[in-house]
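Enquirer: Here it is, the structure, as structure tokens.
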Protein chains: 2
Amino acid sequence: MSGYGGGMQTSTRDRIVVAAARLLQRQGYVGTGIKQIAQEAQATLGSVYHFFPGGKEAVAVAAIRHSTEEFSALLGKALDSEDDPAEAVSACARQLADELRESGWTDGCPVTAAALETLGSDSEIQQVCADALRGWERLVADKLLRCGFPAESARELATTVVCALEGAEVTAQVNRSEEPLLVAGRQLARLVRSYEI
Amino acid sequence: MSGYGGGMQTSTRDRIVVAAARLLQRQGYVGTGIKQIAQEAQATLGSVYHFFPGGKEAVAVAAIRHSTEEFSALLGKALDSEDDPAEAVSACARQLADELRESGWTDGCPVTAAALETLGSDSEIQQVCADALRGWERLVADKLLRCGFPAESARELATTVVCALEGAEVTAQVNRSEEPLLVAGRQLARLVRSYEI
DNA sequence: CCCTCACTAAAACGATCGCTCTATTCAGAG
DNA sequence: CTCTGAATAGAGCGATCGTTTTAGTGAGGG
């Protein structure tokens, strides 16, 4: 059994997932090697294939799921930090900008790169990425619903917010500037306010 | 052989650039091999390195520049197809959705994938991608300026439009649905209209 | 004619890819 | 104790990566 309570810090499996998640976020799926994942996780290749007989794709799926949940928690916290929905959306953008700057513009959206690279193939990865985007959309939509928005407006706004933040994150990374995220956050807040006249 | 006068269709160099552009768009930078580019372009490896002594990166830079100009022309046409700026933005989204569907959801933004993969390194690629995004932003901003928007508003709106369309395109690809692009187009149009009270 | 040189062609280089294989270690069940 | 099986360790597989190298082709100027 991988471990019991006692003193084990982190299981080898967990280290592999965490390391893979960060590498995928920074270098994409094709750009990240299994051996590199093993090295970063302080594990051996044998351990990786022991825990993930499915190979590289299985590791990536687990890693993306991990990143997705982690980011969902962060997004939920940012959304709850403000009562006003427009302010909440703006807070999300600021949060993304802060993390991006602190990481040296390297740690972007954990699913975009991997998703784009595996579009042609029919791997499970794109399904996991689609689930991630849908989940984030739901988080935003729920916030808007709680604020009294009609269902249809909340849905459309949530789609737009997630798409715009995703694109702004990429633009911010490429330009090594948080401005795109801050601008998008401002404009998205204005869009949200245009509904609650 | 590459052709003689009368019927020369395309130069070898051009075929390489065009083939590389399409492959980069579909598989990203790391996922596209030099040999694959040569094969797709009906050229040999020797020809590729003859025209691009800089190797893979030089080919990619030329290809991304080519894609950028091609897409700029398309974007400009879509923007000019409507007088009303809000309708123009919406037309851009529809245009992207049409092309994406017709390509089987494979031909997305020609710079996003390559940009994300080369963020860590200090290659010239990210610079070319940054130029592309800035150029598209300028196209949108100029349209808004021509419609009488104040400079600052036009700039912020243009940033938001380009970011949102970029993110919506990725989302549409992952979900194999044009809905994200159409929704984003609608909401962006609403945002634009919120300025011309 | 020959020579030049842009261009094409293909073999081969070392490195790395994802993955398989065989040992080895070690805690717990009998 | 022996035996088992999860977990670790790393050598090695064929394939492919980007690149270099060498040879060959053919049109144009002297």
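Following the order of the structure tokens, chains are lettered A, B, ..., residues in each are numbered from 1, and ligands are numbered from 1.
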Pick out the chain D residues within 9 Å of chain B. Count only C-alpha atoms (C1' of nucleotides). Give them as an NGL selection string.
Expert: :D and (17-19 or 26)
Enquirer: Show me which bits of chain C are within 12 Å of chain A, counting only C-alpha atoms (C1' of nucleotides), as number ranges by chain.
Expert: C: 16-23, 27-28
Enquirer: Among range 73-190 of chain B, which residues does DSSP mark as alpha helix (DSSP H) when it is run on the backbone? Keep the chain and numbering as in the structure and answer as an MDAnalysis selection string.
Expert: chainID B and resid 73:80 85:102 112:117 124:146 151:175 179:190
Enquirer: State, in Å with one decimal place, the distance from CA of Ser90 in chain A to CA of Arg186 in chain A.
Expert: 6.1 Å
Enquirer: Which chain B residues have any atom within 7 Å of an atom of chain A, and for each, what is the nearest pair of atoms with distance in Å to one decimal, counting only C-alpha atoms, rows sorted by chain and number, as a Markdown table?
Expert:
| residue | atom | partner | partner_atom | distance |
| --- | --- | --- | --- | --- |
| B:Gln27 | CA | A:Glu117 | CA | 5.4 |
| B:Gly28 | CA | A:Glu117 | CA | 6.1 |
| B:Val30 | CA | A:Gly31 | CA | 6.0 |
| B:Gly31 | CA | A:Val30 | CA | 6.0 |
| B:Thr106 | CA | A:Gly120 | CA | 6.5 |
| B:Ala113 | CA | A:Leu116 | CA | 6.2 |
| B:Ala115 | CA | A:Val174 | CA | 6.7 |
| B:Leu116 | CA | A:Ala113 | CA | 6.2 |
| B:Glu117 | CA | A:Gln27 | CA | 5.4 |
| B:Leu119 | CA | A:Thr106 | CA | 6.6 |
| B:Gly120 | CA | A:Thr106 | CA | 6.5 |
| B:Gln126 | CA | A:Val174 | CA | 6.2 |
| B:Ala130 | CA | A:Val174 | CA | 5.8 |
| B:Glu156 | CA | A:Val183 | CA | 6.1 |
| B:Thr159 | CA | A:Pro180 | CA | 6.6 |
| B:Thr160 | CA | A:Ala184 | CA | 5.1 |
| B:Cys163 | CA | A:Gly167 | CA | 4.3 |
| B:Ala164 | CA | A:Ala164 | CA | 3.7 |
| B:Glu166 | CA | A:Gly167 | CA | 5.1 |
| B:Gly167 | CA | A:Gly167 | CA | 4.0 |
| B:Ala168 | CA | A:Cys163 | CA | 4.9 |
| B:Thr171 | CA | A:Cys163 | CA | 6.9 |
| B:Val174 | CA | A:Ala130 | CA | 5.8 |
| B:Asn175 | CA | A:Ala130 | CA | 6.0 |
| B:Pro180 | CA | A:Thr159 | CA | 6.6 |
| B:Val183 | CA | A:Glu156 | CA | 6.1 |
| B:Ala184 | CA | A:Thr160 | CA | 5.1 |
| B:Gln187 | CA | A:Thr160 | CA | 6.9 |
| B:Leu191 | CA | A:Leu191 | CA | 5.5 |
Enquirer: In Å, how far is it from CA of Gly148 in chain A to CA of Arg94 in chain A?
Expert: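 Straight-line distance from CA of Gly148 in chain A to CA of Arg94 in chain A works out to 23.9 Å.
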Enquirer: Rounded to one decimal, what separation in Å do you get between CA of Ser103 in chain B and CA of Phe71 in chain B?
Expert: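 Distance reported for this atom pair: 15.0 Å.
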Enquirer: Could you give the RMSD, in Å, left over when chain B is least-squares superposed onto chain A across all Cα atoms paired sequentially?
Expert: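 In short, the RMSD is 1.3 Å.
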